[in-house]
>>> print(open('model-v5.cif').read())   # mmCIF, C-alpha atoms
data_upload
#
loop_
_atom_site.label_atom_id
_atom_site.label_comp_id
_atom_site.auth_asym_id
_atom_site.auth_seq_id
_atom_site.Cartn_x
_atom_site.Cartn_y
_atom_site.Cartn_z
CA MET N 1318 103.34 210.27 102.30
CA LEU N 1319 105.86 212.43 104.14
CA ARG N 1320 103.07 214.85 105.10
CA ASP N 1321 101.61 212.05 107.24
CA VAL N 1322 103.22 212.61 110.66
CA ALA N 1323 102.85 208.98 111.78
CA PHE N 1324 104.48 207.70 108.60
CA LEU N 1325 107.15 210.41 108.68
CA ARG N 1326 108.19 209.24 112.16
CA LEU N 1327 108.30 205.62 110.99
CA TRP N 1328 110.17 206.58 107.83
CA SER N 1329 112.73 208.54 109.86
CA GLY N 1330 113.29 205.59 112.17
CA THR N 1331 113.72 203.06 109.38
CA THR N 1332 116.02 205.43 107.48
CA ALA N 1333 118.18 205.89 110.57
CA SER N 1334 118.36 202.15 111.17
CA GLY N 1335 119.23 201.52 107.51
CA LEU N 1336 121.98 204.14 107.58
CA ALA N 1337 123.39 202.72 110.84
CA THR N 1338 123.31 199.20 109.40
CA TRP N 1339 125.17 200.30 106.27
CA ALA N 1340 127.67 202.50 108.09
CA LEU N 1341 129.03 199.96 110.60
CA PRO N 1342 131.04 197.76 108.17
CA PHE N 1343 132.25 200.88 106.33
CA VAL N 1344 133.52 202.50 109.53
CA LEU N 1345 135.14 199.26 110.63
CA GLY N 1346 136.83 199.18 107.23
CA LEU N 1347 138.27 202.60 108.02
CA ALA N 1348 139.63 201.09 111.25
CA VAL N 1349 141.50 198.55 109.13
CA LEU N 1350 142.93 201.33 106.97
CA ASP N 1351 144.30 203.20 109.98
CA ARG N 1352 145.62 199.87 111.39
CA THR N 1353 143.49 200.00 114.54
CA ILE N 1354 142.32 196.47 113.72
CA GLY N 1355 143.42 193.88 111.17
CA ALA N 1356 141.57 192.39 108.22
CA ALA N 1357 141.07 189.10 110.06
CA THR N 1358 139.48 190.95 112.99
CA LEU N 1359 137.17 192.78 110.59
CA GLY N 1360 136.02 189.43 109.19
CA LEU N 1361 135.31 188.11 112.67
CA LEU N 1362 133.36 191.23 113.63
CA LEU N 1363 131.19 191.08 110.52
CA ALA N 1364 130.59 187.36 111.10
CA ALA N 1365 129.55 188.07 114.70
CA ARG N 1366 127.16 190.76 113.52
CA THR N 1367 125.63 188.40 110.97
CA ALA N 1368 125.22 185.69 113.61
CA GLY N 1369 123.48 188.13 115.95
CA PHE N 1370 121.21 189.22 113.11
CA LEU N 1371 120.14 185.69 112.19
CA VAL N 1372 119.32 184.72 115.76
CA ALA N 1373 117.49 187.95 116.57
CA VAL N 1374 115.45 188.15 113.38
CA ALA N 1375 113.63 184.94 114.35
CA VAL N 1376 113.23 185.98 117.99
CA GLY N 1377 112.18 189.50 116.99
CA GLY N 1378 109.48 188.17 114.70
CA VAL N 1379 107.89 186.18 117.51
CA LEU N 1380 108.18 189.04 120.00
CA ALA N 1381 106.73 191.59 117.55
CA ASP N 1382 103.66 189.39 117.09
CA ARG N 1383 103.38 188.60 120.79
CA TYR N 1384 103.93 192.11 122.15
CA SER N 1385 103.90 195.67 120.83
CA ARG N 1386 105.75 196.13 117.53
CA ARG N 1387 106.69 199.61 118.71
CA GLY N 1388 108.15 198.13 121.89
CA VAL N 1389 110.30 195.67 119.96
CA VAL N 1390 111.65 198.50 117.78
CA LEU N 1391 112.40 200.53 120.92
CA TRP N 1392 114.34 197.85 122.78
CA ALA N 1393 116.10 196.51 119.71
CA GLY N 1394 117.24 200.01 118.75
CA LEU N 1395 118.39 200.77 122.28
CA ALA N 1396 120.39 197.52 122.38
CA ALA N 1397 122.16 198.40 119.12
CA ALA N 1398 122.75 201.97 120.36
CA ALA N 1399 124.33 200.67 123.57
CA ALA N 1400 126.51 198.19 121.68
CA THR N 1401 128.29 200.73 119.46
CA PRO N 1402 130.12 202.60 122.28
CA LEU N 1403 131.23 199.22 123.63
CA LEU N 1404 132.52 198.34 120.18
CA ALA N 1405 134.42 201.63 120.08
CA LEU N 1406 135.80 200.97 123.56
CA GLY N 1407 137.11 197.57 122.50
CA LEU N 1408 138.81 198.73 119.30
CA GLY N 1409 142.41 197.55 119.42
CA ARG N 1410 142.02 196.56 123.09
CA SER N 1411 139.68 193.60 123.55
CA LEU N 1412 138.61 191.23 120.78
CA ALA N 1413 136.08 189.57 123.06
CA LEU N 1414 134.38 192.89 123.85
CA MET N 1415 134.30 193.84 120.16
CA LEU N 1416 132.80 190.48 119.16
CA ALA N 1417 130.12 190.68 121.84
CA ALA N 1418 129.25 194.25 120.89
CA ALA N 1419 129.10 193.39 117.18
CA ALA N 1420 126.78 190.46 117.93
CA VAL N 1421 124.46 192.71 119.98
CA ALA N 1422 124.46 195.35 117.24
CA GLY N 1423 123.52 192.67 114.72
CA ALA N 1424 120.81 191.40 117.06
CA GLY N 1425 119.33 194.89 117.30
CA GLN N 1426 119.32 195.15 113.52
CA GLY N 1427 117.73 191.72 113.15
CA ALA N 1428 114.98 192.29 115.71
CA CYS N 1429 114.08 195.63 114.12
CA ARG N 1430 113.51 194.32 110.62
CA PRO N 1431 110.33 192.22 111.05
CA ALA N 1432 108.97 194.68 113.62
CA PHE N 1433 109.34 197.59 111.18
CA GLN N 1434 107.63 195.58 108.46
CA ALA N 1435 104.66 194.79 110.70
CA LEU N 1436 104.55 198.33 112.09
CA THR N 1437 104.25 199.70 108.54
CA ALA N 1438 101.03 197.72 108.10
CA GLU N 1439 99.69 199.29 111.32
CA VAL N 1440 100.68 202.86 110.49
CA VAL N 1441 99.77 203.02 106.77
CA ASP N 1442 96.41 202.21 105.19
CA GLU N 1443 96.40 199.39 102.65
CA ASP N 1444 95.86 201.55 99.58
CA ARG N 1445 98.98 203.62 100.37
CA ARG N 1446 101.38 200.90 101.46
CA GLN N 1447 103.08 200.43 98.11
CA THR N 1448 103.90 204.14 98.00
CA ALA N 1449 105.06 203.97 101.62
CA ASN N 1450 107.33 200.97 100.96
CA ALA N 1451 108.74 202.74 97.91
CA ALA N 1452 109.49 205.83 100.01
CA MET N 1453 111.35 203.68 102.53
CA THR N 1454 113.45 201.92 99.94
CA LEU N 1455 114.22 205.26 98.30
CA SER N 1456 115.72 206.49 101.56
CA VAL N 1457 117.81 203.33 101.93
CA ARG N 1458 119.17 203.59 98.38
CA ALA N 1459 119.85 207.32 98.71
CA THR N 1460 121.85 206.85 101.92
CA SER N 1461 123.84 203.99 100.39
CA LEU N 1462 124.68 206.26 97.45
CA ALA N 1463 125.63 209.35 99.46
CA GLY N 1464 126.85 207.57 102.58
CA PRO N 1465 130.38 206.57 101.45
CA SER N 1466 131.24 210.12 100.39
CA LEU N 1467 129.81 211.63 103.57
CA THR N 1468 131.58 209.13 105.82
CA ALA N 1469 134.86 209.63 103.98
CA LEU N 1470 134.55 213.39 104.49
CA LEU N 1471 133.74 212.95 108.19
CA ALA N 1472 136.77 210.68 108.55
CA PHE N 1473 138.99 213.71 107.85
CA VAL N 1474 137.80 215.42 111.04
CA LEU N 1475 136.56 212.52 113.19
CA ASP N 1476 138.32 209.36 114.27
CA THR N 1477 136.80 205.86 114.14
CA TRP N 1478 135.71 206.06 117.77
CA ALA N 1479 133.65 209.19 117.12
CA LEU N 1480 132.13 207.71 113.95
CA LEU N 1481 131.00 204.67 115.92
CA LEU N 1482 129.36 206.94 118.47
CA GLY N 1483 127.56 208.59 115.57
CA ILE N 1484 126.19 205.18 114.57
CA GLY N 1485 124.93 204.82 118.13
CA VAL N 1486 123.08 208.13 117.77
CA LEU N 1487 121.43 206.83 114.59
CA TRP N 1488 120.21 203.78 116.48
CA LEU N 1489 118.78 206.06 119.17
CA VAL N 1490 116.80 207.87 116.46
CA ALA N 1491 115.59 204.51 115.14
CA ALA N 1492 114.52 203.47 118.63
CA LEU N 1493 112.88 206.67 119.87
CA VAL N 1494 111.36 208.46 116.87
CA PRO N 1495 108.76 205.98 115.47
CA GLY N 1496 105.32 206.12 117.05
CA ALA N 1497 102.91 203.35 117.95
CA GLY N 1498 100.76 201.70 115.31
CA ARG N 1499 97.00 201.38 115.44
CA ALA N 1500 97.13 198.29 117.66
CA GLY N 1501 99.55 199.95 120.06
CA ARG N 1502 97.44 203.11 120.29
CA ALA N 1503 94.32 201.05 120.92
CA ALA N 1504 96.04 199.12 123.70
CA GLU N 1505 97.27 202.34 125.30
CA ALA N 1506 93.72 203.73 125.17
CA GLY N 1507 92.33 200.61 126.85
CA GLU N 1508 90.53 199.53 123.68
CA GLY N 1509 92.77 196.65 122.69
CA SER N 1510 91.73 193.64 124.77
CA GLY N 1511 91.33 191.66 121.57
CA VAL N 1512 94.68 192.82 120.23
CA GLY N 1513 96.67 191.30 123.05
CA GLU N 1514 94.80 188.01 122.81
CA ALA N 1515 95.21 187.85 119.02
CA ARG N 1516 98.97 188.24 119.38
CA GLY N 1517 99.21 185.78 122.24
CA ALA N 1518 100.24 188.52 124.65
CA GLY N 1519 97.18 188.44 126.85
CA GLY N 1520 97.25 190.56 129.95
CA VAL N 1521 93.80 192.15 129.70
CA GLY N 1522 90.62 190.23 130.36
CA GLU N 1523 87.07 191.12 129.50
CA SER N 1524 86.75 193.13 132.68
CA GLY N 1525 89.94 195.05 131.89
CA ALA N 1526 91.88 193.54 134.78
CA VAL N 1527 95.36 192.18 134.39
CA GLY N 1528 95.53 188.41 134.53
CA ALA N 1529 99.20 187.58 134.28
CA VAL N 1530 98.96 184.04 135.65
CA ASP N 1531 96.16 182.89 133.36
CA THR N 1532 97.58 184.44 130.18
CA THR N 1533 101.04 183.04 130.86
CA ALA N 1534 99.53 179.59 131.23
CA ARG N 1535 97.74 179.92 127.90
CA ARG N 1536 100.69 181.35 126.02
CA PRO N 1537 102.45 178.84 123.70
CA SER N 1538 106.20 178.41 123.72
CA PHE N 1539 108.54 180.40 121.52
CA PHE N 1540 109.04 177.46 119.17
CA ALA N 1541 105.30 176.84 118.94
CA GLU N 1542 104.72 180.47 118.00
CA PHE N 1543 107.52 180.39 115.45
CA ALA N 1544 106.05 177.19 113.98
CA GLU N 1545 102.70 178.98 113.78
CA GLY N 1546 104.39 181.61 111.63
CA LEU N 1547 105.78 178.87 109.38
CA ARG N 1548 102.28 177.42 108.99
CA GLU N 1549 100.98 180.85 108.05
CA ALA N 1550 103.70 181.17 105.41
CA ARG N 1551 102.70 177.77 103.99
CA ARG N 1552 99.16 179.05 103.53
CA HIS N 1553 100.50 181.42 100.85
CA PRO N 1554 102.06 179.45 97.96
CA TRP N 1555 103.00 182.67 96.18
CA PHE N 1556 105.04 183.69 99.24
CA LEU N 1557 106.99 180.42 99.37
CA ALA N 1558 107.63 180.52 95.62
CA GLY N 1559 108.73 184.16 95.65
CA LEU N 1560 110.94 183.67 98.70
CA GLY N 1561 112.58 180.67 97.07
CA ALA N 1562 113.31 182.70 93.94
CA LEU N 1563 114.64 185.64 95.96
CA THR N 1564 116.89 183.36 97.99
CA VAL N 1565 118.33 181.77 94.84
CA VAL N 1566 119.00 185.14 93.21
CA ILE N 1567 120.71 186.58 96.29
CA SER N 1568 122.74 183.49 97.19
CA THR N 1569 123.95 182.90 93.61
CA GLY N 1570 123.66 186.01 91.43
CA TYR N 1571 124.32 188.63 94.08
CA SER N 1572 127.12 186.59 95.65
CA ALA N 1573 128.73 185.75 92.31
CA THR N 1574 128.79 189.33 91.12
CA GLY N 1575 130.05 190.49 94.50
CA VAL N 1576 133.06 188.21 94.14
CA ALA N 1577 133.55 188.36 90.37
CA LEU N 1578 132.97 192.05 89.65
CA PRO N 1579 136.23 193.22 91.31
CA LEU N 1580 138.14 190.45 89.50
CA VAL N 1581 136.60 191.26 86.11
CA SER N 1582 137.14 194.99 86.64
CA ARG N 1583 140.82 194.36 87.36
CA ASP N 1584 141.71 191.52 84.99
CA LYS N 1585 139.39 192.11 82.01
CA TYR N 1586 139.14 195.90 81.89
CA ASP N 1587 142.35 196.76 83.79
CA THR N 1588 140.73 199.50 85.84
CA GLY N 1589 138.84 199.91 89.09
CA VAL N 1590 136.50 202.40 87.43
CA VAL N 1591 134.25 199.59 86.18
CA LEU N 1592 133.73 198.34 89.74
CA ALA N 1593 132.80 201.80 91.05
CA ALA N 1594 130.65 202.66 88.03
CA ALA N 1595 128.73 199.37 88.14
CA MET N 1596 127.92 199.63 91.84
CA THR N 1597 126.87 203.25 91.44
CA ALA N 1598 124.69 202.31 88.46
CA TYR N 1599 123.05 199.56 90.52
CA THR N 1600 122.11 202.01 93.25
CA LEU N 1601 120.88 204.63 90.78
CA GLY N 1602 118.86 201.97 89.01
CA ALA N 1603 117.31 200.91 92.31
CA LEU N 1604 116.38 204.53 93.01
CA GLY N 1605 114.72 204.76 89.62
CA GLY N 1606 112.93 201.46 90.16
CA ALA N 1607 111.55 202.64 93.50
CA VAL N 1608 110.23 205.84 91.88
CA VAL N 1609 108.52 203.84 89.12
CA VAL N 1610 106.96 201.23 91.38
CA ALA N 1611 105.64 203.84 93.80
CA ARG N 1612 102.82 204.53 91.32
CA TRP N 1613 102.92 201.66 88.84
CA ARG N 1614 100.13 199.13 89.38
CA PRO N 1615 100.33 196.36 86.75
CA ARG N 1616 97.35 194.03 86.49
CA ALA N 1617 99.49 190.94 87.13
CA GLN N 1618 101.62 192.52 89.84
CA GLY N 1619 103.24 189.30 91.02
CA TRP N 1620 104.41 188.35 87.54
CA ALA N 1621 105.75 191.86 86.99
CA ALA N 1622 107.64 191.69 90.29
CA LEU N 1623 109.16 188.28 89.49
CA ALA N 1624 110.14 189.53 86.03
CA GLY N 1625 111.93 192.41 87.75
CA LEU N 1626 113.75 189.98 90.03
CA GLY N 1627 114.84 187.97 87.00
CA LEU N 1628 116.51 191.06 85.56
CA TYR N 1629 119.34 190.50 88.04
CA GLY N 1630 120.56 187.72 85.75
CA PHE N 1631 121.89 190.35 83.35
CA ALA N 1632 124.55 191.33 85.93
CA PRO N 1633 126.46 188.00 85.97
CA LEU N 1634 125.73 187.58 82.25
CA SER N 1635 127.43 190.90 81.44
CA LEU N 1636 130.54 189.80 83.35
CA LEU N 1637 130.60 186.59 81.35
CA LEU N 1638 130.24 188.01 77.83
CA PRO N 1639 133.00 189.79 75.84
CA VAL N 1640 131.36 193.21 75.86
CA HIS N 1641 132.45 196.80 76.36
CA TRP N 1642 132.49 197.88 80.00
CA ALA N 1643 129.56 200.22 79.35
CA PHE N 1644 127.34 197.16 78.89
CA VAL N 1645 128.39 195.93 82.35
CA VAL N 1646 127.40 199.25 83.87
CA ALA N 1647 124.09 199.21 82.00
CA ALA N 1648 123.40 195.63 83.14
CA TYR N 1649 123.90 196.64 86.76
CA ALA N 1650 121.54 199.58 86.32
CA VAL N 1651 118.91 197.19 84.92
CA ALA N 1652 119.49 194.82 87.84
CA GLY N 1653 118.99 197.70 90.28
CA ILE N 1654 115.72 198.69 88.63
CA GLY N 1655 114.54 195.10 88.73
CA ILE N 1656 115.30 194.46 92.38
CA GLU N 1657 113.04 197.32 93.46
CA LEU N 1658 110.33 196.32 90.99
CA PHE N 1659 110.31 193.14 93.06
CA ASN N 1660 110.99 194.41 96.58
CA VAL N 1661 108.25 197.01 96.92
CA PRO N 1662 105.32 194.88 95.66
CA TRP N 1663 106.69 191.93 97.64
CA PHE N 1664 106.66 193.83 100.93
CA THR N 1665 103.27 195.33 100.12
CA ALA N 1666 101.70 191.96 99.27
CA THR N 1667 103.08 190.39 102.43
CA GLN N 1668 101.57 193.18 104.53
CA ARG N 1669 98.24 192.76 102.73
CA GLU N 1670 97.89 188.97 102.55
CA VAL N 1671 99.45 187.63 105.75
CA ALA N 1672 97.33 187.52 108.90
CA PRO N 1673 98.15 190.71 110.88
CA ASP N 1674 98.94 188.83 114.10
CA LYS N 1675 101.52 186.66 112.26
CA LEU N 1676 103.01 189.27 109.95
CA ALA N 1677 106.24 189.83 111.89
CA ARG N 1678 106.96 186.10 112.08
CA VAL N 1679 106.42 185.61 108.35
CA SER N 1680 108.59 188.68 107.63
CA SER N 1681 111.32 187.25 109.85
CA LEU N 1682 111.30 184.08 107.73
CA ASP N 1683 111.79 186.28 104.67
CA PHE N 1684 114.84 188.02 106.16
CA MET N 1685 116.29 184.80 107.62
CA LEU N 1686 116.42 183.04 104.26
CA SER N 1687 117.11 185.90 101.85
CA TYR N 1688 119.73 187.62 104.02
CA GLY N 1689 120.90 184.58 105.95
CA LEU N 1690 122.00 182.54 102.95
CA ALA N 1691 123.88 185.41 101.34
CA PRO N 1692 127.05 184.83 103.45
CA ALA N 1693 126.88 181.13 102.58
CA GLY N 1694 126.69 182.02 98.91
CA LEU N 1695 129.71 184.29 99.22
CA ALA N 1696 131.64 181.57 101.05
CA LEU N 1697 130.91 178.99 98.33
CA ILE N 1698 131.17 181.17 95.23
CA ALA N 1699 134.74 182.30 95.87
CA PRO N 1700 136.27 178.78 96.00
CA ALA N 1701 134.05 177.72 93.09
CA ILE N 1702 135.52 180.51 90.94
CA GLU N 1703 139.04 179.53 91.98
CA HIS N 1704 138.40 175.86 91.13
CA PHE N 1705 136.25 176.06 87.98
CA GLY N 1706 137.02 179.57 86.77
CA ALA N 1707 134.81 182.62 86.61
CA ARG N 1708 133.07 181.91 83.30
CA PRO N 1709 131.28 178.62 84.15
CA VAL N 1710 130.33 179.87 87.63
CA LEU N 1711 128.90 183.09 86.23
CA ALA N 1712 127.04 181.16 83.53
CA VAL N 1713 125.37 178.89 86.09
CA CYS N 1714 124.49 181.83 88.34
CA ALA N 1715 123.01 183.83 85.45
CA ALA N 1716 120.91 180.83 84.42
CA LEU N 1717 119.63 180.38 87.97
CA CYS N 1718 118.77 184.09 88.26
CA PHE N 1719 116.60 183.83 85.15
CA ALA N 1720 115.15 180.40 85.92
CA ALA N 1721 114.20 180.79 89.60
CA PRO N 1722 111.73 183.71 89.15
CA ALA N 1723 110.32 182.03 86.03
CA ALA N 1724 109.67 178.85 88.02
CA ALA N 1725 108.07 180.86 90.84
CA ALA N 1726 105.74 182.51 88.31
CA LEU N 1727 104.29 179.08 87.48
CA VAL N 1728 102.60 178.97 90.91
CA PRO N 1729 98.99 180.04 90.17
CA SER N 1730 98.72 182.52 93.05
CA ALA N 1731 102.02 184.16 92.02
CA ARG N 1732 100.29 186.18 89.31
CA GLY N 1733 98.80 188.68 91.75
CA PHE N 1734 100.80 187.77 94.90
CA SER N 1735 97.50 186.69 96.42
CA ARG N 1736 96.04 183.39 97.65
CA GLU N 1737 93.07 183.95 95.38
CA GLY N 1738 95.42 184.52 92.44
CA ALA N 1739 95.00 187.32 89.94
CA GLY N 1740 91.24 187.28 90.24
CA ARG N 1741 91.37 189.23 93.47
CA ALA N 1742 94.31 191.45 92.62
CA GLU N 1743 93.24 192.70 89.23
CA PRO N 1744 90.05 194.54 90.22
CA GLU N 1745 91.82 196.16 93.19
CA GLU N 1746 94.76 197.30 91.14
CA ALA N 1747 92.53 198.55 88.34
CA ALA N 1748 90.54 200.58 90.83
CA ARG N 1749 93.69 202.07 92.37
CA ALA N 1750 95.14 202.95 88.97
#
>>> encode(input="model-v5.cif", output="structure tokens")
Amino acid sequence: MLRDVAFLRLWSGTTASGLATWALPFVLGLAVLDRTIGAATLGLLLAARTAGFLVAVAVGGVLADRYSRRGVVLWAGLAAAAATPLLALGLGRSLALMLAAAAVAGAGQGACRPAFQALTAEVVDEDRRQTANAAMTLSVRATSLAGPSLTALLAFVLDTWALLLGIGVLWLVAALVPGAGRAGRAAEAGEGSGVGEARGAGGVGESGAVGAVDTTARRPSFFAEFAEGLREARRHPWFLAGLGALTVVISTGYSATGVALPLVSRDKYDTGVVLAAAMTAYTLGALGGAVVVARWRPRAQGWAALAGLGLYGFAPLSLLLPVHWAFVVAAYAVAGIGIELFNVPWFTATQREVAPDKLARVSSLDFMLSYGLAPAGLALIAPAIEHFGARPVLAVCAALCFAAPAAAALVPSARGFSREGAGRAEPEEAARA
């Protein structure tokens, strides 16, 4: 895949955006360590970034279906790149400036996500998309594994201000490096009159002349276009079922382990090594899962993906049971493998099944729910553990992680992640294998 120049450019852009997204909270954490900002300020900045993400992911989905996906990536990346120097300028000086910059950075991240998903479907042919999605997730996992060490080393020679400027450079790469997809190239060549109309962008009539007044009059409102994306999502029962399962796993299992793992590592095993080893094992497992799923084509791909998602239940279960710490590390490795066995086929099926002119809006719904409810889960899990104790909370979360994917698998079309069910998916996958 990396020998394909168009995909290589897209891969480089998504990798840069993923690294920038990961690096910002880490660098701000370094600012807390050197007492440039306080812990409370860090919490406010991360909350502002999350708020910007949630608003922009919905707006970005509509814009990426209405206009050029490449254009949305460009402007969203430039906005995030411009926000990071402002964040650096406000460090320790202006809370209002820092909050505004963090919100804009989050908005850039949010607008990029659905646009990148839709752009992948334009750049990569259908029979290679699973490999392409696996390559992208490999880069994200690799940077999250090597990133902390690299940033810590850079912190010895660079201050927080310089590291934030480096994040801005990463966003510039994300904005400028990716090329246009097939629809964008057709529009630039004057061949895409139908493309603009299909996305609701208009602008080019049958004669090739620009008709701004007429197309603006025909264009539906933002909320109408977003509702159209919701209707498209409802046409795919497998998508709604899978998204519900993913949301449950992230908002309960992921949140519970995020809160409980440090406590269990400290109180049960009396060492911070378990925390570091488990998180490293999760990332290594995800890397392994991405390698496997790049070429693995099971006949019932949807069921296999949901089974992989259910493997996350072993993470809270291992924290609950009286086992040696090695079992905790192994459970996190299994959870990492499982999450990529789900993620890659999930993205690929969405790109294949959803109408191309509504793909960004449906993808934005995915990110809004799966990512958006994670902070709510974290906010609720912590007081629940304090009130009821870790064991009952972890038991409930483990049960939900196992039960939600199993319930989603009962939807007939979930077997092949296709509206036609496994009947359509099996011959295709057999042919590709």
>>> residues_around(input="model-v5.cif", residues="Ala1707 of chain N", least_positions_apart="3", cutoff="12 Å", atoms="all atoms listed in the file", output="number ranges by chain")
N: 1573-1574, 1576-1581, 1584-1585, 1633-1634, 1636-1638, 1698-1704, 1710-1715
>>> residues_around(input="model-v5.cif", residues="Asp1321 of chain N", least_positions_apart="2", cutoff="12 Å", atoms="all atoms listed in the file", output="list in words")
Met1318, Leu1319, Ala1323, Phe1324, Leu1325, Arg1326, Leu1327, Trp1328, Ser1329, Val1440, Val1441, Asp1442, Arg1445 and Ala1449 of chain N
>>> closest_atom_pairs(input="model-v5.cif", of="segment 1427-1505 of chain N", to="segment 1375-1398 of chain N", cutoff="8 Å", atoms="all atoms listed in the file", output="CSV")
residue,atom,partner,partner_atom,distance
N:Gly1427,CA,N:Gly1377,CA,7.1
N:Ala1428,CA,N:Gly1377,CA,4.2
N:Cys1429,CA,N:Val1390,CA,5.2
N:Pro1431,CA,N:Gly1378,CA,5.5
N:Ala1432,CA,N:Arg1386,CA,5.3
N:Phe1433,CA,N:Val1390,CA,7.1
N:Ala1435,CA,N:Arg1386,CA,7.0
N:Leu1436,CA,N:Arg1386,CA,6.0
N:Ile1484,CA,N:Ala1398,CA,7.5
N:Gly1485,CA,N:Ala1398,CA,4.2
N:Val1486,CA,N:Ala1398,CA,6.7
N:Leu1487,CA,N:Ala1398,CA,7.7
N:Trp1488,CA,N:Ala1398,CA,5.0
N:Leu1489,CA,N:Ala1398,CA,5.8
N:Ala1491,CA,N:Gly1394,CA,6.0
N:Ala1492,CA,N:Leu1391,CA,4.3
N:Leu1493,CA,N:Leu1391,CA,6.2
N:Pro1495,CA,N:Arg1387,CA,7.4
N:Gly1496,CA,N:Arg1387,CA,6.9
N:Ala1497,CA,N:Arg1387,CA,5.4
N:Gly1498,CA,N:Arg1387,CA,7.1
N:Ala1500,CA,N:Ser1385,CA,7.9
N:Gly1501,CA,N:Ser1385,CA,6.2
>>> closest_residue(input="model-v5.cif", among="N:Val1494, N:Leu1690, N:Leu1363, N:Leu1455", to="Leu1604 of chain N", atoms="all atoms listed in the file")
N:Leu1455
>>> atom_distance(input="model-v5.cif", atom1="atom CA of Ile1654 of chain N", atom2="atom CA of Ala1607 of chain N")
7.5 Å
>>> residues_around(input="model-v5.cif", residues="Gly1606 of chain N", least_positions_apart="3", cutoff="8 Å", atoms="all atoms listed in the file", output="compact mmCIF listing (two decimals) with C-alpha atoms, in the frame of the given file")
# COMPACT_ATOMS: atom_id res chain seq x y z
CA GLY N 1602 118.86 201.97 89.01
CA ALA N 1603 117.31 200.91 92.31
CA VAL N 1609 108.52 203.84 89.12
CA VAL N 1610 106.96 201.23 91.38
CA GLY N 1653 118.99 197.70 90.28
CA ILE N 1654 115.72 198.69 88.63
CA GLY N 1655 114.54 195.10 88.73
CA ILE N 1656 115.30 194.46 92.38
CA GLU N 1657 113.04 197.32 93.46
CA LEU N 1658 110.33 196.32 90.99
>>> atom_distance(input="model-v5.cif", atom1="atom CA of Ser1687 of chain N", atom2="atom CA of Gly1559 of chain N")
10.6 Å
>>> closest_residue(input="model-v5.cif", among="N:Met1453, N:Leu1717, N:Ala1650, N:Ala1723", to="Ser1635 of chain N", atoms="all atoms listed in the file")
N:Ala1650
>>> closest_atom_pairs(input="model-v5.cif", of="segment 1370-1445 of chain N", to="segment 1464-1483 of chain N", cutoff="10 Å", atoms="all atoms listed in the file", output="tab-separated table")
residue	atom	partner	partner_atom	distance
N:Ala1398	CA	N:Leu1482	CA	8.5
N:Ala1399	CA	N:Leu1482	CA	9.5
N:Ala1400	CA	N:Leu1482	CA	9.7
N:Thr1401	CA	N:Leu1481	CA	5.9
N:Pro1402	CA	N:Leu1482	CA	5.8
N:Leu1403	CA	N:Leu1481	CA	9.4
N:Leu1404	CA	N:Leu1481	CA	7.8
N:Ala1405	CA	N:Trp1478	CA	5.2
N:Leu1406	CA	N:Trp1478	CA	7.7
N:Gly1407	CA	N:Trp1478	CA	9.8
N:Leu1408	CA	N:Trp1478	CA	8.1
>>> residues_around(input="model-v5.cif", residues="Arg1430 of chain N", least_positions_apart="4", cutoff="8 Å", atoms="only C-alpha atoms", output="PyMOL selection string")
chain N and resi 1374+1426+1434+1681+1684
>>> write_last_selection(input="model-v5.cif", atoms="C-alpha atoms", output="CSV table (one decimal), keeping the file's coordinate frame")
chain,number,residue,atom,x,y,z
N,1374,VAL,CA,115.4,188.2,113.4
N,1426,GLN,CA,119.3,195.2,113.5
N,1434,GLN,CA,107.6,195.6,108.5
N,1681,SER,CA,111.3,187.2,109.8
N,1684,PHE,CA,114.8,188.0,106.2
>>> closest_atom_pairs(input="model-v5.cif", of="segment 1518-1614 of chain N", to="segment 1628-1631 of chain N", cutoff="9 Å", atoms="all atoms listed in the file", output="JSON lines")
{"residue": "N:Val1566", "atom": "CA", "partner": "N:Tyr1629", "partner_atom": "CA", "distance": 7.5}
{"residue": "N:Gly1570", "atom": "CA", "partner": "N:Gly1630", "partner_atom": "CA", "distance": 6.7}
{"residue": "N:Tyr1571", "atom": "CA", "partner": "N:Tyr1629", "partner_atom": "CA", "distance": 8.0}
>>> residues_near_point(input="model-v5.cif", point="(128.7, 201.6, 105.1)", cutoff="10 Å", atoms="all atoms listed in the file", output="mmCIF file with C-alpha atoms, keeping the file's coordinate frame")
data_model
loop_
_atom_site.group_PDB
_atom_site.id
_atom_site.type_symbol
_atom_site.label_atom_id
_atom_site.label_comp_id
_atom_site.auth_asym_id
_atom_site.auth_seq_id
_atom_site.Cartn_x
_atom_site.Cartn_y
_atom_site.Cartn_z
ATOM 1 C CA GLY N 1335 119.230 201.520 107.510
ATOM 2 C CA LEU N 1336 121.980 204.140 107.580
ATOM 3 C CA ALA N 1337 123.390 202.720 110.840
ATOM 4 C CA THR N 1338 123.310 199.200 109.400
ATOM 5 C CA TRP N 1339 125.170 200.300 106.270
ATOM 6 C CA ALA N 1340 127.670 202.500 108.090
ATOM 7 C CA LEU N 1341 129.030 199.960 110.600
ATOM 8 C CA PRO N 1342 131.040 197.760 108.170
ATOM 9 C CA PHE N 1343 132.250 200.880 106.330
ATOM 10 C CA VAL N 1344 133.520 202.500 109.530
ATOM 11 C CA LEU N 1345 135.140 199.260 110.630
ATOM 12 C CA GLY N 1346 136.830 199.180 107.230
ATOM 13 C CA THR N 1460 121.850 206.850 101.920
ATOM 14 C CA SER N 1461 123.840 203.990 100.390
ATOM 15 C CA LEU N 1462 124.680 206.260 97.450
ATOM 16 C CA GLY N 1464 126.850 207.570 102.580
ATOM 17 C CA PRO N 1465 130.380 206.570 101.450
ATOM 18 C CA THR N 1468 131.580 209.130 105.820
#
